[in-house]
file upload-v7.txt (compact mmCIF, C-alpha atoms)
# COMPACT_ATOMS: atom_id res chain seq x y z
CA MET A 1 69.68 176.83 91.41
CA MET A 2 67.60 175.49 94.29
CA ASN A 3 65.92 173.03 91.93
CA LEU A 4 69.32 171.77 90.80
CA VAL A 5 70.39 171.24 94.42
CA LYS A 6 67.17 169.34 95.12
CA ILE A 7 67.73 167.12 92.08
CA LEU A 8 71.33 166.38 93.09
CA GLN A 9 70.17 165.46 96.60
CA SER A 10 67.20 163.36 95.49
CA ASN A 11 67.12 159.60 95.97
CA PHE A 12 66.36 159.11 92.28
CA PHE A 13 69.52 160.94 91.20
CA LEU A 14 71.57 159.07 93.78
CA ARG A 15 70.26 155.73 92.52
CA VAL A 16 71.07 156.65 88.91
CA ILE A 17 74.62 157.62 89.89
CA SER A 18 74.95 154.37 91.88
CA VAL A 19 73.86 152.26 88.89
CA ILE A 20 76.34 154.07 86.63
CA LEU A 21 79.08 153.55 89.22
CA PHE A 22 78.20 149.85 89.51
CA LEU A 23 78.48 149.38 85.72
CA PHE A 24 81.80 151.24 85.68
CA LEU A 25 83.18 149.09 88.52
CA LEU A 26 82.05 145.93 86.73
CA LYS A 27 84.02 147.08 83.70
CA VAL A 28 87.08 147.66 85.89
CA GLY A 29 86.64 144.21 87.45
CA PHE A 30 86.47 142.44 84.09
CA PHE A 31 89.49 144.43 82.94
CA LEU A 32 91.40 143.06 85.95
CA ALA A 33 90.03 139.55 85.42
CA GLU A 34 91.22 139.38 81.82
CA ARG A 35 94.77 140.25 82.79
CA LYS A 36 95.23 137.96 85.75
CA PRO A 37 95.95 134.25 85.16
CA LEU A 38 94.15 131.59 87.14
CA TRP A 39 96.04 130.23 90.13
CA GLY A 40 95.99 126.95 92.01
CA ASP A 41 93.18 127.57 94.51
CA GLU A 42 90.82 128.84 91.80
CA ILE A 43 91.49 125.83 89.62
CA TYR A 44 91.26 123.32 92.46
CA ALA A 45 87.96 124.71 93.73
CA GLN A 46 86.40 124.75 90.27
CA ARG A 47 87.64 121.36 89.10
CA TYR A 48 87.53 119.25 92.28
CA HIS A 49 84.70 120.87 94.19
CA ILE A 50 82.29 122.95 92.12
CA GLU A 51 82.24 120.73 89.02
CA LYS A 52 82.74 117.42 90.83
CA TYR A 53 79.73 117.57 93.18
CA SER A 54 76.08 118.30 92.59
CA ALA A 55 74.33 121.25 94.21
CA THR A 56 72.52 118.81 96.52
CA ASN A 57 75.82 117.30 97.66
CA LEU A 58 77.36 120.71 98.23
CA LEU A 59 74.40 121.89 100.28
CA PHE A 60 73.30 118.85 102.27
CA PHE A 61 76.07 116.22 102.07
CA PRO A 62 79.38 118.10 102.24
CA VAL A 63 82.56 116.07 101.91
CA ASN A 64 85.41 116.36 104.39
CA ASP A 65 87.03 119.34 102.71
CA PRO A 66 88.06 122.77 104.06
CA GLN A 67 86.18 124.33 101.14
CA ASN A 68 82.87 122.66 101.92
CA TYR A 69 81.01 125.81 103.03
CA PRO A 70 78.62 125.81 100.07
CA LEU A 71 77.43 129.37 99.38
CA PHE A 72 80.19 130.50 97.04
CA SER A 73 80.41 127.10 95.36
CA LEU A 74 76.67 127.13 94.66
CA LEU A 75 76.89 130.58 93.09
CA GLN A 76 79.84 129.48 90.97
CA LYS A 77 78.02 126.31 89.97
CA ALA A 78 74.94 128.31 88.93
CA THR A 79 77.12 130.66 86.85
CA SER A 80 78.84 127.72 85.16
CA SER A 81 75.47 126.17 84.36
CA ILE A 82 74.09 129.40 82.88
CA TYR A 83 77.08 129.69 80.51
CA ASP A 84 77.45 125.92 80.01
CA PHE A 85 81.04 126.25 81.18
CA ARG A 86 83.47 123.55 82.22
CA LEU A 87 87.11 124.15 83.07
CA SER A 88 89.53 122.71 80.53
CA GLU A 89 91.56 119.73 81.76
CA HIS A 90 94.71 121.27 80.29
CA LEU A 91 94.63 124.51 82.26
CA GLY A 92 97.06 124.70 85.14
CA ASP A 93 98.40 127.19 87.67
CA GLY A 94 99.28 130.51 86.04
CA GLN A 95 97.18 129.84 82.94
CA GLY A 96 93.67 130.68 81.78
CA ASP A 97 91.80 131.12 78.54
CA ALA A 98 89.49 134.10 77.99
CA GLU A 99 86.33 132.12 78.74
CA ALA A 100 87.61 130.74 82.05
CA LEU A 101 89.00 134.09 83.20
CA MET A 102 85.69 135.86 82.60
CA ILE A 103 83.06 133.28 83.63
CA MET A 104 84.78 132.01 86.77
CA ARG A 105 85.18 135.60 88.01
CA ILE A 106 81.70 136.97 87.32
CA VAL A 107 80.41 136.35 90.86
CA PRO A 108 83.36 137.93 92.75
CA ASN A 109 83.36 140.91 90.37
CA ILE A 110 79.64 141.53 90.98
CA CYS A 111 80.16 141.15 94.74
CA MET A 112 83.08 143.57 94.90
CA SER A 113 81.42 146.15 92.66
CA LEU A 114 78.22 145.97 94.70
CA CYS A 115 80.24 146.26 97.92
CA PHE A 116 81.78 149.55 96.78
CA VAL A 117 78.45 150.90 95.52
CA LEU A 118 76.75 150.14 98.85
CA ILE A 119 79.43 152.11 100.70
CA PHE A 120 79.15 155.00 98.23
CA TYR A 121 75.34 155.05 98.48
CA PHE A 122 75.43 154.91 102.29
CA CYS A 123 77.86 157.83 102.56
CA CYS A 124 75.82 159.87 100.06
CA GLN A 125 72.73 159.29 102.20
CA GLN A 126 74.56 160.54 105.28
CA TYR A 127 76.48 163.50 103.81
CA ALA A 128 75.17 164.05 100.23
CA LEU A 129 77.49 163.62 97.24
CA LEU A 130 80.51 164.93 99.15
CA GLY A 131 80.29 161.93 101.47
CA GLY A 132 80.07 159.58 98.49
CA PHE A 133 83.17 161.08 96.89
CA VAL A 134 85.06 160.80 100.18
CA ALA A 135 84.04 157.12 100.33
CA LEU A 136 85.33 156.52 96.80
CA ALA A 137 88.58 158.27 97.67
CA VAL A 138 89.07 156.02 100.71
CA ILE A 139 88.24 152.94 98.61
CA PHE A 140 90.64 153.74 95.78
CA LEU A 141 93.37 154.92 98.15
CA SER A 142 93.06 151.75 100.18
CA PRO A 143 96.51 150.19 100.64
CA SER A 144 95.07 146.78 101.46
CA ILE A 145 96.49 144.09 99.20
CA GLY A 146 93.34 141.97 99.34
CA LEU A 147 90.89 144.68 98.34
CA TRP A 148 92.41 144.74 94.85
CA HIS A 149 93.84 141.25 94.69
CA TYR A 150 90.51 139.48 95.25
CA TRP A 151 88.27 141.88 93.34
CA ALA A 152 88.50 139.63 90.28
CA GLU A 153 89.45 136.22 91.58
CA ALA A 154 87.28 133.10 91.75
CA ARG A 155 87.51 132.79 95.52
CA PRO A 156 84.89 133.56 98.21
CA TYR A 157 86.60 136.62 99.71
CA ALA A 158 84.76 139.23 97.62
CA LEU A 159 81.47 137.66 98.69
CA TRP A 160 82.64 137.74 102.32
CA MET A 161 83.46 141.45 101.99
CA LEU A 162 80.05 142.15 100.45
CA LEU A 163 78.20 140.36 103.26
CA THR A 164 80.36 142.11 105.88
CA THR A 165 79.51 145.45 104.28
CA ALA A 166 75.80 144.63 104.28
CA GLN A 167 76.06 143.44 107.88
CA GLY A 168 77.82 146.63 108.99
CA LEU A 169 75.32 148.93 107.27
CA CYS A 170 72.29 147.03 108.61
CA PHE A 171 73.88 147.07 112.07
CA TYR A 172 74.20 150.85 111.77
CA TYR A 173 70.64 151.42 110.58
CA PHE A 174 69.15 149.02 113.12
CA LEU A 175 70.80 150.76 116.07
CA SER A 176 70.34 154.32 114.79
CA LYS A 177 66.65 154.14 113.88
CA GLN A 178 63.82 154.11 116.40
CA ASP A 179 61.07 153.35 113.89
CA GLY A 180 61.25 150.84 111.08
CA SER A 181 64.30 149.07 112.47
CA SER A 182 62.57 145.66 112.27
CA ARG A 183 63.28 145.42 108.54
CA PHE A 184 66.99 145.79 109.25
CA MET A 185 66.73 143.01 111.82
CA ARG A 186 65.16 140.82 109.12
CA ALA A 187 67.95 141.80 106.75
CA LEU A 188 70.52 140.79 109.38
CA VAL A 189 68.82 137.40 109.72
CA ILE A 190 69.31 136.82 105.98
CA ILE A 191 72.90 138.08 106.07
CA HIS A 192 73.79 135.88 109.05
CA THR A 193 72.27 132.84 107.36
CA LEU A 194 74.34 133.49 104.24
CA LEU A 195 77.48 134.07 106.31
CA SER A 196 76.92 130.77 108.09
CA MET A 197 77.14 129.05 104.69
CA LEU A 198 80.29 130.88 103.66
CA SER A 199 82.97 130.56 106.33
CA LEU A 200 83.80 128.93 109.64
CA TRP A 201 84.81 132.33 111.01
CA SER A 202 81.26 133.58 110.52
CA LEU A 203 80.61 131.94 113.91
CA ILE A 204 82.58 134.74 115.57
CA GLN A 205 81.18 137.43 113.29
CA ILE A 206 77.56 136.43 113.90
CA THR A 207 78.05 136.01 117.65
CA LEU A 208 79.76 139.37 118.18
CA ILE A 209 77.16 141.34 116.22
CA SER A 210 74.29 139.52 117.95
CA ALA A 211 75.81 140.08 121.40
CA SER A 212 76.19 143.80 120.66
CA ILE A 213 72.56 144.09 119.58
CA TRP A 214 71.57 142.32 122.80
CA PHE A 215 73.52 144.74 124.98
CA LEU A 216 72.61 147.87 123.03
CA LYS A 217 68.99 147.42 122.00
CA VAL A 218 67.04 144.14 121.96
CA ARG A 219 66.91 141.72 124.90
CA LYS A 220 64.21 139.33 123.79
CA VAL A 221 65.57 135.81 123.40
CA LYS A 222 63.06 134.90 120.68
CA GLU A 223 64.58 137.55 118.39
CA TYR A 224 67.84 135.60 118.36
CA VAL A 225 66.50 132.24 117.21
CA PHE A 226 66.85 133.16 113.55
CA LEU A 227 69.42 135.93 113.99
CA THR A 228 71.96 133.86 115.92
CA PHE A 229 71.14 130.31 116.94
CA ILE A 230 70.08 128.86 113.59
CA PRO A 231 73.02 130.43 111.68
CA ILE A 232 75.42 129.06 114.31
CA VAL A 233 73.93 125.57 113.95
CA ILE A 234 74.28 125.79 110.16
CA SER A 235 77.89 126.91 110.42
CA LEU A 236 78.71 124.14 112.91
CA PHE A 237 77.17 121.57 110.56
CA TYR A 238 79.62 122.49 107.80
CA PHE A 239 82.48 122.88 110.28
CA LEU A 240 82.08 119.28 111.46
CA HIS A 241 82.62 118.17 107.86
CA SER A 242 85.75 120.25 107.36
CA TYR A 243 87.63 120.09 110.66
CA THR A 244 91.02 118.41 110.44
CA PRO A 245 92.39 117.69 113.95
CA GLY A 246 96.07 118.19 114.51
CA ARG A 247 96.63 120.40 111.48
CA GLY A 248 99.12 123.12 112.37
CA THR A 249 99.40 126.71 111.17
CA TRP A 250 102.28 129.09 110.55
CA PHE A 251 102.86 132.77 109.77
CA GLN A 252 105.15 133.93 107.01
CA SER A 253 105.58 137.54 108.16
CA GLY A 254 104.17 137.61 111.68
CA PRO A 255 100.70 138.50 112.98
CA LEU A 256 101.22 142.28 113.17
CA ILE A 257 102.41 142.56 109.56
CA LEU A 258 99.50 140.35 108.55
CA LEU A 259 97.04 142.77 110.16
CA ASP A 260 98.87 145.79 108.74
CA ASN A 261 98.28 144.38 105.26
CA CYS A 262 94.55 144.53 105.90
CA PHE A 263 94.28 147.52 108.22
CA PRO A 264 97.39 149.74 108.02
CA TRP A 265 98.64 151.57 111.08
CA GLU A 266 97.81 154.93 109.45
CA TRP A 267 94.14 153.95 109.45
CA PHE A 268 94.46 152.92 113.07
CA VAL A 269 95.80 156.39 113.94
CA ILE A 270 92.75 157.97 112.29
CA VAL A 271 90.45 155.67 114.28
CA LEU A 272 92.21 156.57 117.54
CA PHE A 273 91.99 160.26 116.69
CA TYR A 274 88.25 159.93 116.01
CA GLY A 275 87.82 158.24 119.38
CA LEU A 276 89.71 161.10 121.04
CA VAL A 277 87.48 163.63 119.25
CA LEU A 278 84.36 161.84 120.52
CA LEU A 279 85.74 161.98 124.05
CA LEU A 280 86.54 165.71 123.81
CA ALA A 281 83.11 166.44 122.33
CA TYR A 282 81.46 164.55 125.17
CA PHE A 283 83.25 166.63 127.84
CA GLN A 284 82.58 169.83 125.87
CA ASP A 285 78.82 169.16 125.85
CA LYS A 286 78.89 168.38 129.58
CA SER A 287 80.73 171.56 130.56
CA ASN A 288 81.14 175.21 129.67
CA SER A 289 84.57 174.74 128.15
CA VAL A 290 85.78 176.31 124.91
CA LYS A 291 83.60 175.18 122.01
CA LEU A 292 85.81 173.30 119.55
CA PHE A 293 82.96 171.35 118.01
CA VAL A 294 79.41 172.13 116.97
CA PRO A 295 77.40 171.78 120.21
CA GLN A 296 75.37 168.57 120.52
CA TYR A 297 76.63 167.39 117.14
CA SER A 298 75.11 164.08 116.03
CA TRP A 299 78.14 161.82 115.60
CA LYS A 300 77.10 159.31 112.95
CA GLY A 301 80.32 157.35 113.23
CA LYS A 302 79.78 156.16 116.81
CA ILE A 303 77.92 153.01 115.78
CA LEU A 304 80.46 152.28 113.04
CA LEU A 305 83.22 152.67 115.64
CA VAL A 306 81.50 149.89 117.59
CA PHE A 307 81.25 147.76 114.44
CA LEU A 308 84.90 148.35 113.60
CA GLY A 309 85.84 147.47 117.17
CA LEU A 310 83.93 144.19 116.87
CA MET A 311 85.82 143.34 113.69
CA PHE A 312 89.09 144.02 115.53
CA VAL A 313 87.99 141.69 118.33
CA MET A 314 87.15 139.07 115.72
CA SER A 315 90.58 139.41 114.10
CA LEU A 316 92.31 139.04 117.49
CA MET A 317 90.25 135.94 118.30
CA MET A 318 91.16 134.41 114.95
CA MET A 319 94.80 135.30 115.47
CA ALA A 320 94.76 133.68 118.92
CA ALA A 321 93.24 130.50 117.43
CA PHE A 322 95.94 130.38 114.75
CA LYS A 323 98.73 131.08 117.24
CA ALA A 324 97.48 128.26 119.48
CA LYS A 325 98.03 125.83 116.60
CA GLU A 326 101.23 127.43 115.30
CA SER A 327 103.87 125.01 114.07
CA LEU A 328 107.45 126.20 114.58
CA ASP A 329 108.74 124.01 111.73
CA HIS A 330 106.31 125.64 109.25
CA ALA A 331 104.27 122.48 108.86
CA GLY A 332 100.56 122.78 108.10
CA MET A 333 98.58 125.72 106.76
CA LEU A 334 100.12 129.10 105.97
CA ILE A 335 97.90 131.88 107.39
CA PRO A 336 97.37 134.46 104.63
CA HIS A 337 96.18 138.05 104.95
CA ARG A 338 93.01 137.25 102.99
CA TYR A 339 91.50 135.65 106.11
CA PHE A 340 91.27 139.15 107.61
CA LEU A 341 89.74 141.08 104.72
CA PHE A 342 86.58 141.69 106.75
CA LEU A 343 88.75 144.15 108.71
CA THR A 344 89.63 146.01 105.51
CA VAL A 345 86.05 146.47 104.42
CA ALA A 346 84.99 147.51 107.94
CA GLY A 347 87.63 150.23 107.74
CA VAL A 348 86.49 151.33 104.29
CA ILE A 349 82.94 151.73 105.63
CA ALA A 350 83.95 153.60 108.79
CA LEU A 351 86.78 155.90 107.70
CA PRO A 352 84.74 158.12 105.31
CA VAL A 353 82.15 158.63 108.07
CA PHE A 354 84.86 159.47 110.62
CA LEU A 355 86.40 162.02 108.24
CA MET A 356 83.06 163.63 107.43
CA ASP A 357 82.04 163.76 111.09
CA ILE A 358 85.26 165.54 112.04
CA TYR A 359 84.95 167.93 109.08
CA LYS A 360 81.39 168.94 109.94
CA ALA A 361 81.87 169.04 113.71
CA LEU A 362 84.79 171.49 113.38
CA LYS A 363 82.66 173.98 111.47
CA LEU A 364 83.17 176.61 114.22
CA LYS A 365 86.96 176.44 113.83
CA PRO A 366 87.74 176.65 110.09
CA PHE A 367 91.51 177.07 110.48
CA LEU A 368 91.74 174.13 112.86
CA ARG A 369 89.46 172.11 110.59
CA PHE A 370 91.71 172.77 107.59
CA ASN A 371 94.84 171.64 109.40
CA VAL A 372 93.21 168.56 110.92
CA MET A 373 91.84 167.44 107.54
CA VAL A 374 95.24 167.97 105.88
CA ILE A 375 96.85 165.70 108.48
CA LEU A 376 94.20 162.98 108.19
CA ILE A 377 94.24 163.02 104.38
CA SER A 378 98.03 162.90 104.48
CA LEU A 379 97.82 159.75 106.58
CA LEU A 380 95.57 158.13 103.96
CA LEU A 381 97.95 159.14 101.17
CA TYR A 382 101.00 157.97 103.10
CA ALA A 383 99.41 154.55 103.69
CA TYR A 384 98.63 154.25 99.99
CA PHE A 385 102.10 155.24 98.77
CA ARG A 386 103.80 153.11 101.41
CA TYR A 387 101.97 150.13 99.94
CA ALA A 388 102.61 151.20 96.34
CA LEU A 389 106.34 151.64 96.97
CA SER A 390 106.54 148.22 98.62
CA LEU A 391 105.17 146.71 95.41
CA TRP A 392 107.57 148.60 93.18
CA PHE A 393 110.80 148.06 95.11
CA PHE A 394 110.38 144.90 97.23

call {"tool": "encode", "arguments": {"input": "upload-v7.txt", "output": "structure tokens"}}
result
Amino acid sequence: MMNLVKILQSNFFLRVISVILFLFLLKVGFFLAERKPLWGDEIYAQRYHIEKYSATNLLFFPVNDPQNYPLFSLLQKATSSIYDFRLSEHLGDGQGDAEALMIMRIVPNICMSLCFVLIFYFCCQQYALLGGFVALAVIFLSPSIGLWHYWAEARPYALWMLLTTAQGLCFYYFLSKQDGSSRFMRALVIIHTLLSMLSLWSLIQITLISASIWFLKVRKVKEYVFLTFIPIVISLFYFLHSYTPGRGTWFQSGPLILLDNCFPWEWFVIVLFYGLVLLLAYFQDKSNSVKLFVPQYSWKGKILLVFLGLMFVMSLMMMAAFKAKESLDHAGMLIPHRYFLFLTVAGVIALPVFLMDIYKALKLKPFLRFNVMVILISLLLYAYFRYALSLWFF
């Protein structure tokens, strides 16, 4: 029995399970891709950007186009070259042959599947298989529209979610480890460089994470040359070739509903409750009060709470920028929820850790633990069914 437990907790077994999960998720992604027609943005990007320009043009000589951040386009171009694929001139919005549906969506499917596997693997490392299963439950009960909508769609959002996941996990490991953290700093340098080639909003994402590392751990300016300054310069280079002055924005449903689509209020309640638990645990350890929690419990979610908070700050900064350019006559660019999917994936990383922390810390109070977990799980289920019902009836 002890040998079986050791096998189930071994890194080799965990890696095997992760590979199997990745292959299963790929299958799910291709299943979704086959049943979803191409839409206008996918077709436009493939036909007038990816196929029209060479890799050199995309990387070094971007045209004045909002889609000129080259990372996703280069990956799509490489995939098209490998399969000798070119989009048919006759395909339009709402159409798609089998070849186009599969090949154009290979990259986002791999990104999304890898994103989920990374979260599963991380939670298994922290809390064994139970943590991994909790992570999968949070993922598949996610009410976020974008998490499912862009899993198998030839747009850069799945890649953005993957890089945000990698950034969040490296941020966690870098701040939590005393020894060996330099490799996670190097990983963050790579991630920030890739983000700088993916989206304008990476400027905020890179800056906030770098500023937090400065305040919390490393205050050597030279460490930020490659981590922060060079990625910002790269992002600004592509921004200068995409900026359209005077272009307005507008919201279809309002900013709060937009955020709720990516991070539902039920998740926010769980986050607030976790923050309250941390506060109570802090005062408990500083005094001789009644012991609700395991004394001196190592709260693994504290760093992820910081990361999630940074993503909230980023979303508010983006929202303020959009509101500043809002057009009351609905002229200009409609602001969609997909611009805030980084918030969804930050929640999917953090929530399983918050739940597991609370579960383990309340070990001394089993009855209280049972009731608290029932309430928190009910919130997750309510968020999911609220979203599902909105799709069925509205």

call {"tool": "atom_distance", "arguments": {"input": "upload-v7.txt", "atom1": "CA of Gly248 in chain A", "atom2": "CA of Phe340 in chain A"}}
result
18.5 Å

call {"tool": "atom_distance", "arguments": {"input": "upload-v7.txt", "atom1": "CA of Ala346 in chain A", "atom2": "CA of Met161 in chain A"}}
result
8.6 Å

call {"tool": "closest_residue", "arguments": {"input": "upload-v7.txt", "among": "A:Val290, A:Met311, A:Leu278, A:Leu368", "to": "Gly168 in chain A", "atoms": "only C-alpha atoms"}}
result
A:Met311

call {"tool": "residues_around", "arguments": {"input": "upload-v7.txt", "residues": "range 323-333 of chain A", "least_positions_apart": "4", "cutoff": "7 Å", "atoms": "all atoms listed in the file", "output": "list in words"}}
result
Arg247, Gly248, Thr249, Trp250 and Met319 of chain A

call {"tool": "residues_around", "arguments": {"input": "upload-v7.txt", "residues": "Leu141 in chain A", "least_positions_apart": "6", "cutoff": "8 Å", "atoms": "only C-alpha atoms", "output": "compact mmCIF listing (two decimals) with C-alpha atoms, in the coordinates of the input"}}
result
# COMPACT_ATOMS: atom_id res chain seq x y z
CA LEU A 380 95.57 158.13 103.96
CA LEU A 381 97.95 159.14 101.17
CA TYR A 384 98.63 154.25 99.99

call {"tool": "closest_residue", "arguments": {"input": "upload-v7.txt", "among": "A:Met112, A:His337, A:Phe229, A:Phe342", "to": "Asp260 in chain A", "atoms": "only C-alpha atoms"}}
result
A:His337

call {"tool": "residues_around", "arguments": {"input": "upload-v7.txt", "residues": "Ala211 in chain A", "least_positions_apart": "3", "cutoff": "12 Å", "atoms": "all atoms listed in the file", "output": "JSON, numbers by chain"}}
result
{"A": [171, 204, 205, 206, 207, 208, 214, 215, 216, 217, 218, 219, 220, 221, 223, 224, 227, 228, 229, 306, 307, 310]}

call {"tool": "residues_around", "arguments": {"input": "upload-v7.txt", "residues": "Lys360 in chain A", "least_positions_apart": "6", "cutoff": "9 Å", "atoms": "only C-alpha atoms", "output": "PyMOL selection string"}}
result
chain A and resi 293-294+297+369

call {"tool": "atom_distance", "arguments": {"input": "upload-v7.txt", "atom1": "CA of Tyr339 in chain A", "atom2": "CA of Leu21 in chain A"}}
result
27.6 Å

call {"tool": "closest_residue", "arguments": {"input": "upload-v7.txt", "among": "A:Ala158, A:Ala137, A:Leu38, A:Pro62", "to": "Val107 in chain A", "atoms": "only C-alpha atoms"}}
result
A:Ala158

call {"tool": "closest_residue", "arguments": {"input": "upload-v7.txt", "among": "A:His149, A:Leu198, A:Ile119, A:Pro143", "to": "Pro264 in chain A", "atoms": "all atoms listed in the file"}}
result
A:Pro143

call {"tool": "residues_around", "arguments": {"input": "upload-v7.txt", "residues": "range 185-197 of chain A", "least_positions_apart": "4", "cutoff": "8 Å", "atoms": "only C-alpha atoms", "output": "PyMOL selection string"}}
result
chain A and resi 69-71+160+163+166-167+170-171+174+181+202-203+206+226-228+230-232+234-235+238

call {"tool": "closest_residue", "arguments": {"input": "upload-v7.txt", "among": "A:Leu343, A:Arg105, A:Leu118, A:Phe283", "to": "Val19 in chain A", "atoms": "all atoms listed in the file"}}
result
A:Leu118

call {"tool": "decode", "arguments": {"input": "upload-v7.txt", "residues": "range 5-35 of chain A", "atoms": "C-alpha atoms", "output": "PDB file, in the first residue's frame"}}
result
ATOM      1  CA  VAL A   5       1.033   5.779  -2.502  1.00  0.00           C
ATOM      2  CA  LYS A   6       4.653   6.569  -3.374  1.00  0.00           C
ATOM      3  CA  ILE A   7       4.031   5.729  -7.031  1.00  0.00           C
ATOM      4  CA  LEU A   8       0.911   7.913  -7.165  1.00  0.00           C
ATOM      5  CA  GLN A   9       2.857  10.803  -5.623  1.00  0.00           C
ATOM      6  CA  SER A  10       5.955  10.388  -7.797  1.00  0.00           C
ATOM      7  CA  ASN A  11       6.909  12.965 -10.411  1.00  0.00           C
ATOM      8  CA  PHE A  12       7.073  10.250 -13.068  1.00  0.00           C
ATOM      9  CA  PHE A  13       3.458   9.204 -12.482  1.00  0.00           C
ATOM     10  CA  LEU A  14       2.349  12.830 -12.428  1.00  0.00           C
ATOM     11  CA  ARG A  15       4.082  13.492 -15.754  1.00  0.00           C
ATOM     12  CA  VAL A  16       2.463  10.430 -17.338  1.00  0.00           C
ATOM     13  CA  ILE A  17      -0.976  11.566 -16.156  1.00  0.00           C
ATOM     14  CA  SER A  18      -0.257  15.084 -17.455  1.00  0.00           C
ATOM     15  CA  VAL A  19       0.695  13.768 -20.911  1.00  0.00           C
ATOM     16  CA  ILE A  20      -2.479  11.662 -21.054  1.00  0.00           C
ATOM     17  CA  LEU A  21      -4.526  14.687 -19.978  1.00  0.00           C
ATOM     18  CA  PHE A  22      -2.856  16.850 -22.629  1.00  0.00           C
ATOM     19  CA  LEU A  23      -3.707  14.337 -25.379  1.00  0.00           C
ATOM     20  CA  PHE A  24      -7.297  14.112 -24.133  1.00  0.00           C
ATOM     21  CA  LEU A  25      -7.650  17.907 -24.107  1.00  0.00           C
ATOM     22  CA  LEU A  26      -6.229  18.112 -27.622  1.00  0.00           C
ATOM     23  CA  LYS A  27      -8.914  15.674 -28.726  1.00  0.00           C
ATOM     24  CA  VAL A  28     -11.578  17.829 -27.068  1.00  0.00           C
ATOM     25  CA  GLY A  29     -10.145  20.930 -28.750  1.00  0.00           C
ATOM     26  CA  PHE A  30     -10.221  19.379 -32.219  1.00  0.00           C
ATOM     27  CA  PHE A  31     -13.748  18.160 -31.549  1.00  0.00           C
ATOM     28  CA  LEU A  32     -14.744  21.774 -30.835  1.00  0.00           C
ATOM     29  CA  ALA A  33     -12.791  23.077 -33.822  1.00  0.00           C
ATOM     30  CA  GLU A  34     -14.545  20.771 -36.277  1.00  0.00           C
ATOM     31  CA  ARG A  35     -17.969  21.950 -35.176  1.00  0.00           C
TER      32      ARG A  35
END
